[in-house]
Each structure stands twice: as structure tokens, then as C-alpha cells.
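Colleague: Below is the structure I would like to discuss, written out as C-alpha cells.
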Amino acid sequence: MPDVNAVLEKADGNLDAGIERLFELIRIPSISTDPAHAGDCHRAGEWLVQELRSLGFDADLRETTGHPMVVAHHAGAAPDAPHALFYGHYDVQPVDPLELWETDPFMPELRTGATGRKVVTGRGSADDKGQLMTFVEACRAYKEAEGGLPCRVTILFEGEEESGSPSLKPFLDANAEELKADFAMVCDTNMWDADTPALSAGLRGLVGEEITVTAADRDLHSGYFGGAAANPIHVLAKVLADLHDETGRITVPGFYDGVEETPDDVKASWTALGKSDADFLGEVGLSKPSGETGRSALELTWARPTAEVNGIHGGYTGEGFKTVIAAEASAKVSFRLVGTQDPVAVRASFREFVEARIPDDCSVRFSKHGGSGAIQLPYDSPLLTKAKEALSDEWPNPAVMIGMGGSIPIVGDFQKKLGMDSLLVGFGLSDDRIHSPNEKYELTSFQRGIRSWIRILHALA
């Protein structure tokens, strides 16, 4: 068995050089959504390929209809060693508005942050270049200290995560056999706080629907027709109001099929984190949960399904006043799913729910936007248990098991297309300003992130 302490010592000795390697990657402006940076995305992929080859990986750049994928393989110390697929992305968000940056977004620096701790600055420092480089540097330390890796490792770095990953699903379909492993590891999430690592045991799924209600064949004068003509805004408002009952439960028939209660011990562990509803909501100027009554803010965001109206439009919305009855009104509605809720069934039931509330003189049309199921690992999963122990050995506070209110579609694809569960471990912090000006990544996150992956690989092997 490898000497994990020797590997950790090697990682610490490599830290300064590792920071410089991270700087090199951040300096490449790999903005995937901007065609002007297509060459930079290709260059970032090539940089990673060369870096992985220098560590003994069989690595190459795979072209797609969009930006290329980086695929790399490395054998483990033993033929029967576990096989892990590590995923990250090398593309970044645009930097606008540029004038709000305190430093050049593609000229990273190591400086003292607002909390007094050292931080790495620059676009992609946290999302996701700093995160993926923690794993690359962990592999480097293993190779230099032990001559090999304790597990078989496949790496997949994509270049379109920040622009919707249009090439990813076709790539997974075409290369499923090559990419399939015993489990996946994803480093694109956050810690609980600067001293407390976190593992995400679940991700909510997502169903998006846009609904448009139509009545008259044109906008109408509200004096001539008001009170007699159907008003699509009224119809739509009633449909949306009917989505929840007085207790906050969603009223779409069959919506809660597949939703299970969170175990009491898990809810107790969330309570023990010490973040009250007021603490959670106070960060955005609110204080009381508005969802299902009798549930905490953490449970509502981590473990319960939702129906939210994300946008609504109809009639005259410009400056001043215009007395019209709109011909059309539309709304964008999203559902976050948990457990084994079926996105197809939820969409169908919602459409029936809406159609049942449309008057005879009106019509409705739908446009779908995405659909993916939730991901939930058993809280007693050996994968989670071993990783939790390894993280707890590294950080000042024991690791905590949390949920995630958002969705990471790649995790669902790994489960459905490749039959793999995913270990979601990240070292970002809530104040890293990802997608915003002045993005940063804590130096502690980078250093202890490297050491954490070393411990996790050791534990899983």
C-alpha cells in the first residue's frame, strides 16, 4: 500500500510550482461561449493534454462539433485496482463587465483577500481550473512519491460546460465503453465553509416549461372590451396561483410520486450545521422560508421538490401606461425534482393541469426547456463513507454530508449513460465570485484540495 504521508509531503513540496502551473492555465482565455475564443479553448485543451502526458497518462485531444474534449487514462498500481473517472471543465465564463475587475482576469496573482487569507485571482481560478488542477497535482504527487497511482484513473475534461455542453452527450454516447468506470469524481462544488469540507449526496433534477395563453386575435382596448373579453393575463395568473396550496405543497396531480422523506438522522445532521433559516435567507435580505410549511430552509433547498415561476410577460410593460387587454400572456416555470420523480411524467401532468384551467375561448401552447431526473446516493454509500473519512482527516472540521439545490446534468448522464454513481467533492467557497468580476480561489482550497484528493484516492484504493 502506498505511503500516503510521503505523497502528502511531496504535494506540499510541489505547491509553488503547482501554483505557477495553475497560473499558466488561467492565462489562457478559454471562454467557450464566445466564437472569438475558440482557438483559446483548443489551446487550453492542448495544455492539459501535454501536462497529463508528462505525468504518464495516455492523453489526447478529441475533436467534437464544438470545443474539444481531453481524455486521458492511467493504469493503477494493481490490475484489480478500482477505476475512477474524474471530470472537470477547462472553459470559463465571459469576464464582462471588465471595468469591475480589480486585476486583469487573465493575469492571475497570488494576493491577500478580503478575509486576510491568500487567494489566487482570475477568471476560472475557482470555476473550474483551480478545482480540476487539485486533482492533476494530486496525481503528480503520487507519481513522484510512489511511481504510480493507487487507482486506475480516467480523466475527462470538457470545454463547453459554461455554454450548455452541447457536445458532451453525443461524446458520451460515442465513447461509453471507453469512459465507463467503477465511479465518477466531480470537482465543481463547494465546501460548507472555509474549514469544513462537504460531500454532496444529492442533486435535484430539472424540468422547464414555457406556457403561452392566447385569447383575442389582437391586443384590445380595455375600455371597449374590458369585462367582456377573456384576459390571458388573468387566466395565466390563476393557473400559476393554483400551483401551490395554502401550505406550500405543489398541487399538480401525481407530482410527489417518487418523493421520499429525508431520514431523521440526516435532517439532524443538517440542523447541527448551525445555519438557521434566518441565517440562510438573511444573505439575500429575507428571513422566513416560503415553501412547504414545517420544513427548514436547508431541507427545502436540498431535499424537496419545487415549482417556481422564473419569468412572466404579457400586455404593455414599457414606461407609462397603456390600457390594453393583451392577446397573449406567457410564463416560464421550472420544477426542481428529487428522489425518483420522473421528468417526463411531471411535464405531462403539468400540461394537463394547465389545460384543465384554460377557458373555452382561450388556447395554450407549451415549449419545453430541459428535463433531467434527480441524483441521490444512499447516505450510507461506501463511496461517500470512505471519502468523508478521508476529508475529515485533512481539514480542521469533520466533513459534512449536504444536498445541492441545483442540477449538474453531467452527473445524471454518468449515472444513466455509463451506470456510474458520482462522488461530488469540491473546494470552492460561497464568496469565490464565480461567474462574476473578481473571481478568486483560496490558496487553502488549492493546497488542501490537492491533499484531499490524495487521501481520497488512498482510501478508495
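If you're wondering about the labels, chains in the C-alpha cells are A, B, ... by order shown, residues count from 1 in each chain, ligands from 1 in order shown.
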Find the residues around segment 69-80 of chain A up to 6 Å (only C-alpha atoms counted), leave out those fewer than 5 positions away in its own chain, and share them as a list in words.
Modeller: Phe57, Asp58, Ala59, Asp60, Leu61, Arg62, Leu149, Pro150, Cys151, Arg152, Val153, Thr154, Ile155, Leu156, Phe157 and Glu158 of chain A
Colleague: Selection from above, C-alpha atoms, as an mmCIF file, in the first residue's frame, can you write it?
Modeller:
```
data_model
loop_
_atom_site.group_PDB
_atom_site.id
_atom_site.type_symbol
_atom_site.label_atom_id
_atom_site.label_comp_id
_atom_site.auth_asym_id
_atom_site.auth_seq_id
_atom_site.Cartn_x
_atom_site.Cartn_y
_atom_site.Cartn_z
ATOM 1 C CA PHE A 57 -1.177 9.470 -18.827
ATOM 2 C CA ASP A 58 -2.166 8.237 -22.257
ATOM 3 C CA ALA A 59 -3.810 11.552 -23.124
ATOM 4 C CA ASP A 60 -5.143 13.154 -26.277
ATOM 5 C CA LEU A 61 -7.461 15.850 -27.538
ATOM 6 C CA ARG A 62 -10.712 14.602 -29.063
ATOM 7 C CA LEU A 149 -1.356 5.838 -8.915
ATOM 8 C CA PRO A 150 -3.268 3.735 -6.363
ATOM 9 C CA CYS A 151 -6.343 3.525 -8.628
ATOM 10 C CA ARG A 152 -6.951 3.234 -12.318
ATOM 11 C CA VAL A 153 -7.821 6.750 -13.435
ATOM 12 C CA THR A 154 -9.584 8.093 -16.499
ATOM 13 C CA ILE A 155 -9.839 11.854 -16.885
ATOM 14 C CA LEU A 156 -12.453 13.729 -18.918
ATOM 15 C CA PHE A 157 -12.106 17.496 -19.243
ATOM 16 C CA GLU A 158 -14.659 19.255 -21.413
#
```
Colleague: For the structure I just gave you, how does DSSP split segment 111-259 of chain A - specifically, which residues are alpha helix (DSSP H)? Reply as an MDAnalysis selection string.
Modeller: chainID A and resid 129:146 168:174 176:179 222:225 232:241
Colleague: If you keep C-alpha atoms, can you produce a file of those selected residues as an mmCIF file, in the first residue's frame?
Modeller:
```cif
data_model
loop_
_atom_site.group_PDB
_atom_site.id
_atom_site.type_symbol
_atom_site.label_atom_id
_atom_site.label_comp_id
_atom_site.auth_asym_id
_atom_site.auth_seq_id
_atom_site.Cartn_x
_atom_site.Cartn_y
_atom_site.Cartn_z
ATOM 1 C CA LYS A 129 -9.463 25.411 -13.442
ATOM 2 C CA GLY A 130 -8.331 25.619 -9.824
ATOM 3 C CA GLN A 131 -10.626 22.738 -8.899
ATOM 4 C CA LEU A 132 -9.520 20.374 -11.691
ATOM 5 C CA MET A 133 -5.864 21.198 -11.086
ATOM 6 C CA THR A 134 -6.182 19.992 -7.475
ATOM 7 C CA PHE A 135 -6.694 16.508 -8.895
ATOM 8 C CA VAL A 136 -3.934 16.818 -11.507
ATOM 9 C CA GLU A 137 -1.494 17.926 -8.813
ATOM 10 C CA ALA A 138 -2.600 15.075 -6.559
ATOM 11 C CA CYS A 139 -1.755 12.634 -9.370
ATOM 12 C CA ARG A 140 1.605 14.372 -9.819
ATOM 13 C CA ALA A 141 2.474 13.939 -6.150
ATOM 14 C CA TYR A 142 1.513 10.240 -6.266
ATOM 15 C CA LYS A 143 3.604 9.630 -9.361
ATOM 16 C CA GLU A 144 6.658 11.392 -7.952
ATOM 17 C CA ALA A 145 6.416 9.847 -4.492
ATOM 18 C CA GLU A 146 5.279 6.308 -5.375
ATOM 19 C CA LEU A 168 -20.993 16.218 -24.237
ATOM 20 C CA LYS A 169 -23.945 13.832 -24.549
ATOM 21 C CA PRO A 170 -23.072 12.774 -28.113
ATOM 22 C CA PHE A 171 -19.474 12.266 -26.962
ATOM 23 C CA LEU A 172 -20.556 10.099 -24.028
ATOM 24 C CA ASP A 173 -22.795 8.041 -26.313
ATOM 25 C CA ALA A 174 -19.992 7.502 -28.815
ATOM 26 C CA ALA A 176 -19.362 4.995 -23.442
ATOM 27 C CA GLU A 177 -17.273 1.827 -23.261
ATOM 28 C CA GLU A 178 -14.012 3.737 -23.042
ATOM 29 C CA LEU A 179 -15.233 6.154 -20.354
ATOM 30 C CA SER A 222 -59.660 47.754 -22.136
ATOM 31 C CA GLY A 223 -62.475 50.303 -22.175
ATOM 32 C CA TYR A 224 -64.247 48.863 -25.203
ATOM 33 C CA PHE A 225 -63.738 45.198 -24.298
ATOM 34 C CA PRO A 232 -54.925 35.931 -20.860
ATOM 35 C CA ILE A 233 -53.046 37.581 -18.002
ATOM 36 C CA HIS A 234 -55.919 36.785 -15.638
ATOM 37 C CA VAL A 235 -56.057 33.208 -16.896
ATOM 38 C CA LEU A 236 -52.307 32.750 -16.559
ATOM 39 C CA ALA A 237 -52.209 34.327 -13.105
ATOM 40 C CA LYS A 238 -54.874 31.898 -11.868
ATOM 41 C CA VAL A 239 -53.000 28.908 -13.316
ATOM 42 C CA LEU A 240 -49.802 29.979 -11.563
ATOM 43 C CA ALA A 241 -51.589 30.738 -8.287
#
```
Colleague: Pick out the closest residue to Gly147 of chain A from this set: A:Glu109, A:Glu63, A:Asp34, A:Asp3. Count only C-alpha atoms.
Modeller: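 Counting only C-alpha atoms, the residue closest to Gly147 of chain A is A:Asp3.
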Colleague: Given only C-alpha atoms as the basis, pick out the residue of A:Asp182, A:Glu20, A:Glu161, A:Asp128 nearest to Leu418 of chain A.
Modeller: A:Asp182
Colleague: Name the closest residue to Leu429 of chain A among the candidates A:Ile312, A:Ala356, A:Val333, A:Ala198; distances are taken between atoms, counting only C-alpha atoms.
Modeller: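 Nearest candidate to Leu429 of chain A out of A:Ile312, A:Ala356, A:Val333, A:Ala198: A:Ala198.
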Colleague: Which residue gives the smallest distance to Gly314 of chain A among A:Ala228, A:Val400, A:Leu298, A:Ala215, with only C-alpha atoms counted?
Modeller: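 Closest candidate: A:Ala215.
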Colleague: Out of segment 57-187 of chain A, which residues get strand (DSSP E or B) from DSSP, as a PyMOL selection string?
Modeller: chain A and resi 58-62+69-74+76+83-89+92+110-112+118-121+149+152-158+183-186
Colleague: Please provide as a ChimeraX atom specification all residues within 9 Å of segment 86-96 of chain A, with the sequence filter that same-chain residues fewer than 4 positions apart are discarded (counting only C-alpha atoms).
Modeller: /A:25,29-34,41,44-45,48,100-101,105,123-124,127-129,131-132,135,153-163,183-188,410,434-437
Colleague: Write out the residues from the selection above, keeping N, CA and C atoms, as a compact mmCIF listing (two decimals), in the first residue's frame.
Modeller:
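Output (selection16.txt):
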```txt
# COMPACT_ATOMS: atom_id res chain seq x y z
N LEU A 25 -2.53 27.98 -16.83
CA LEU A 25 -3.82 27.58 -17.37
C LEU A 25 -4.82 28.74 -17.32
N PRO A 29 -7.42 32.43 -22.15
CA PRO A 29 -8.80 32.93 -22.03
C PRO A 29 -9.81 32.02 -22.75
N SER A 30 -10.05 30.87 -22.17
CA SER A 30 -10.86 29.83 -22.81
C SER A 30 -12.36 30.05 -22.56
N ILE A 31 -12.89 31.12 -23.13
CA ILE A 31 -14.30 31.49 -22.97
C ILE A 31 -15.09 30.72 -24.03
N SER A 32 -15.82 29.71 -23.60
CA SER A 32 -16.42 28.79 -24.57
C SER A 32 -17.58 29.39 -25.35
N THR A 33 -18.30 30.33 -24.77
CA THR A 33 -19.48 30.86 -25.45
C THR A 33 -19.15 31.89 -26.51
N ASP A 34 -17.92 32.37 -26.56
CA ASP A 34 -17.51 33.41 -27.50
C ASP A 34 -16.71 32.80 -28.64
N CYS A 41 -9.81 28.01 -26.44
CA CYS A 41 -10.33 26.77 -25.86
C CYS A 41 -9.50 25.58 -26.33
N ALA A 44 -6.21 25.62 -24.45
CA ALA A 44 -6.33 25.14 -23.07
C ALA A 44 -6.39 23.62 -23.04
N GLY A 45 -7.14 23.03 -23.96
CA GLY A 45 -7.20 21.57 -24.04
C GLY A 45 -5.84 20.98 -24.33
N LEU A 48 -3.57 21.00 -21.27
CA LEU A 48 -3.89 19.92 -20.33
C LEU A 48 -3.40 18.57 -20.84
N LEU A 100 -15.15 46.27 -13.81
CA LEU A 100 -15.36 45.96 -12.40
C LEU A 100 -14.26 45.06 -11.82
N TRP A 101 -13.38 44.57 -12.67
CA TRP A 101 -12.29 43.73 -12.18
C TRP A 101 -11.20 44.60 -11.54
N PRO A 105 -8.38 39.80 -15.55
CA PRO A 105 -8.96 38.48 -15.29
C PRO A 105 -8.12 37.32 -15.82
N ARG A 123 -10.19 34.77 -13.80
CA ARG A 123 -11.34 34.02 -14.31
C ARG A 123 -10.98 32.54 -14.47
N GLY A 124 -11.80 31.70 -13.86
CA GLY A 124 -11.55 30.26 -13.88
C GLY A 124 -10.73 29.77 -12.71
N ASP A 127 -13.70 28.23 -10.87
CA ASP A 127 -14.66 27.53 -11.72
C ASP A 127 -14.12 27.42 -13.14
N ASP A 128 -13.40 26.35 -13.49
CA ASP A 128 -13.19 25.16 -12.69
C ASP A 128 -11.71 24.79 -12.76
N LYS A 129 -10.87 25.75 -13.21
CA LYS A 129 -9.46 25.41 -13.44
C LYS A 129 -8.73 25.10 -12.14
N GLN A 131 -10.07 23.99 -9.42
CA GLN A 131 -10.63 22.74 -8.90
C GLN A 131 -10.04 21.53 -9.63
N LEU A 132 -10.02 21.56 -10.97
CA LEU A 132 -9.52 20.37 -11.69
C LEU A 132 -8.02 20.20 -11.48
N PHE A 135 -6.80 17.94 -8.61
CA PHE A 135 -6.69 16.51 -8.90
C PHE A 135 -5.45 16.21 -9.71
N VAL A 153 -7.22 5.42 -13.30
CA VAL A 153 -7.82 6.75 -13.44
C VAL A 153 -8.04 7.08 -14.91
N THR A 154 -9.26 7.48 -15.22
CA THR A 154 -9.58 8.09 -16.50
C THR A 154 -9.99 9.53 -16.22
N ILE A 155 -9.52 10.44 -17.05
CA ILE A 155 -9.84 11.85 -16.89
C ILE A 155 -10.62 12.33 -18.11
N LEU A 156 -11.67 13.10 -17.86
CA LEU A 156 -12.45 13.73 -18.92
C LEU A 156 -12.60 15.21 -18.58
N PHE A 157 -11.96 16.05 -19.38
CA PHE A 157 -12.11 17.50 -19.24
C PHE A 157 -12.84 18.01 -20.48
N GLU A 158 -13.93 18.71 -20.26
CA GLU A 158 -14.66 19.25 -21.41
C GLU A 158 -14.44 20.76 -21.52
N GLY A 159 -14.80 21.31 -22.67
CA GLY A 159 -14.59 22.73 -22.92
C GLY A 159 -15.85 23.49 -23.22
N GLU A 160 -17.02 22.96 -22.81
CA GLU A 160 -18.28 23.64 -23.13
C GLU A 160 -19.25 23.70 -21.94
N GLU A 161 -18.77 23.42 -20.74
CA GLU A 161 -19.68 23.37 -19.59
C GLU A 161 -20.37 24.72 -19.38
N GLU A 162 -19.65 25.79 -19.62
CA GLU A 162 -20.21 27.12 -19.39
C GLU A 162 -21.09 27.59 -20.54
N SER A 163 -21.25 26.78 -21.56
CA SER A 163 -22.12 27.14 -22.68
C SER A 163 -23.10 26.02 -22.99
N PHE A 183 -16.78 4.34 -10.71
CA PHE A 183 -17.47 5.51 -10.18
C PHE A 183 -16.82 6.75 -10.80
N ALA A 184 -17.54 7.86 -10.71
CA ALA A 184 -17.03 9.13 -11.20
C ALA A 184 -16.71 10.05 -10.02
N MET A 185 -15.83 10.99 -10.26
CA MET A 185 -15.50 12.01 -9.27
C MET A 185 -15.63 13.36 -9.96
N VAL A 186 -16.37 14.26 -9.35
CA VAL A 186 -16.63 15.57 -9.93
C VAL A 186 -16.19 16.64 -8.94
N CYS A 187 -15.33 17.54 -9.39
CA CYS A 187 -14.83 18.60 -8.52
C CYS A 187 -15.30 19.94 -9.07
N ASP A 188 -16.58 20.26 -8.82
CA ASP A 188 -17.16 21.50 -9.31
C ASP A 188 -18.20 22.00 -8.31
N ILE A 410 -24.26 16.58 -16.05
CA ILE A 410 -23.27 15.53 -16.35
C ILE A 410 -23.36 14.39 -15.35
N ILE A 434 -17.69 33.21 -8.49
CA ILE A 434 -17.68 32.55 -9.80
C ILE A 434 -18.76 33.19 -10.68
N HIS A 435 -18.47 33.32 -11.95
CA HIS A 435 -19.32 33.95 -12.97
C HIS A 435 -19.41 35.47 -12.78
N SER A 436 -18.70 36.03 -11.82
CA SER A 436 -18.76 37.46 -11.54
C SER A 436 -17.36 38.06 -11.67
N PRO A 437 -17.26 39.40 -11.73
CA PRO A 437 -15.93 40.02 -11.68
C PRO A 437 -15.21 39.66 -10.38
```
Colleague: Which residues, written as a list of chain:residue names, have at least one atom at most 7 Å from segment 383-397 of chain A, with only C-alpha atoms counted and residues fewer than 3 positions away on the same chain left out?
Modeller: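 The filter keeps A:Asp195, A:Thr196, A:Pro197, A:Asp380, A:Leu423, A:Ser452, A:Arg455, A:Ile456, A:Ala459, A:Leu460.
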Colleague: Which is closest to Val252 of chain A among A:Lys440, A:Lys368, A:Arg347, A:His221, if we use only C-alpha atoms?
Modeller: A:Arg347
Colleague: Show me, as a list of chain:residue names, the residues that have an atom within 12 Å of Glu299 of chain A when counting only C-alpha atoms, minus same-chain residues fewer than 5 positions from it.
Modeller: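 Once the adjacent positions are removed, what remains is A:Gly202, A:Glu261, A:Thr262, A:Pro263, A:Asp264, A:Val266, A:Lys267, A:Ala268, A:Ser269, A:Trp270, A:Thr271, A:Lys275, A:Ser276, A:Asp277, A:Phe280, A:Pro289, A:Gly291, A:Glu292, A:Thr293, A:Gly294, A:Arg304, A:Pro305, A:Thr306, A:Val338, A:Ile402, A:Gly403, A:Met404, A:Gly405.
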Colleague: For those residues, write C-alpha atoms to a file as a short mmCIF file (atom, residue, chain, number, x, y, z; two decimals), in the first residue's frame.
Modeller:
```cif
data_model
loop_
_atom_site.label_atom_id
_atom_site.label_comp_id
_atom_site.auth_asym_id
_atom_site.auth_seq_id
_atom_site.Cartn_x
_atom_site.Cartn_y
_atom_site.Cartn_z
CA GLY A 202 -27.81 14.51 -3.94
CA GLU A 261 -38.88 11.81 3.33
CA THR A 262 -35.31 12.62 4.32
CA PRO A 263 -34.10 10.35 7.15
CA ASP A 264 -34.35 11.96 10.58
CA VAL A 266 -29.71 13.26 8.11
CA LYS A 267 -32.00 16.19 8.96
CA ALA A 268 -30.48 16.24 12.45
CA SER A 269 -27.00 16.47 10.92
CA TRP A 270 -28.14 19.45 8.85
CA THR A 271 -29.55 21.13 11.94
CA LYS A 275 -27.30 27.62 9.93
CA SER A 276 -30.78 28.80 10.86
CA ASP A 277 -33.46 29.77 8.37
CA PHE A 280 -29.63 31.15 5.24
CA PRO A 289 -38.96 30.08 4.25
CA GLY A 291 -42.12 26.70 0.71
CA GLU A 292 -43.80 23.74 2.40
CA THR A 293 -44.63 24.65 5.97
CA GLY A 294 -42.80 22.90 8.79
CA ARG A 304 -37.64 18.84 -1.50
CA PRO A 305 -39.10 19.41 -4.99
CA THR A 306 -40.17 22.84 -6.17
CA VAL A 338 -35.90 14.90 -6.05
CA ILE A 402 -25.08 18.02 2.24
CA GLY A 403 -27.54 18.21 -0.62
CA MET A 404 -27.44 20.54 -3.57
CA GLY A 405 -30.40 22.56 -4.71
#
```
Colleague: Would you mind reading off the distance between atom CA of His37 of chain A and atom CA of Val120 of chain A, one decimal, in Å?
Modeller: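 Computing it gives 22.8 Å between the two atoms.
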Colleague: At a cut-off of 10 Å, using only C-alpha atoms, what residues contact Asp360 of chain A? Leave out same-chain residues fewer than 2 positions from it and give the result as a VMD selection string.
Modeller: chain A and resid 215 230 357 to 358 362 to 363
Colleague: What does the file look like for those residues with C-alpha atoms, as a short mmCIF file (atom, residue, chain, number, x, y, z; two decimals), in the first residue's frame?
Modeller:
```cif
data_model
loop_
_atom_site.label_atom_id
_atom_site.label_comp_id
_atom_site.auth_asym_id
_atom_site.auth_seq_id
_atom_site.Cartn_x
_atom_site.Cartn_y
_atom_site.Cartn_z
CA ALA A 215 -57.30 34.79 -26.27
CA ALA A 230 -61.11 36.99 -21.86
CA ARG A 357 -57.71 25.65 -16.34
CA ILE A 358 -57.88 27.24 -19.80
CA CYS A 362 -58.61 30.69 -24.93
CA SER A 363 -55.84 28.37 -26.03
#
```
Colleague: Work out how far apart atom CA of Leu424 of chain A and atom CA of Pro166 of chain A are and give it in Å to one decimal.
Modeller: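 Taking atom CA of Leu424 of chain A and atom CA of Pro166 of chain A, their separation equals 22.0 Å.
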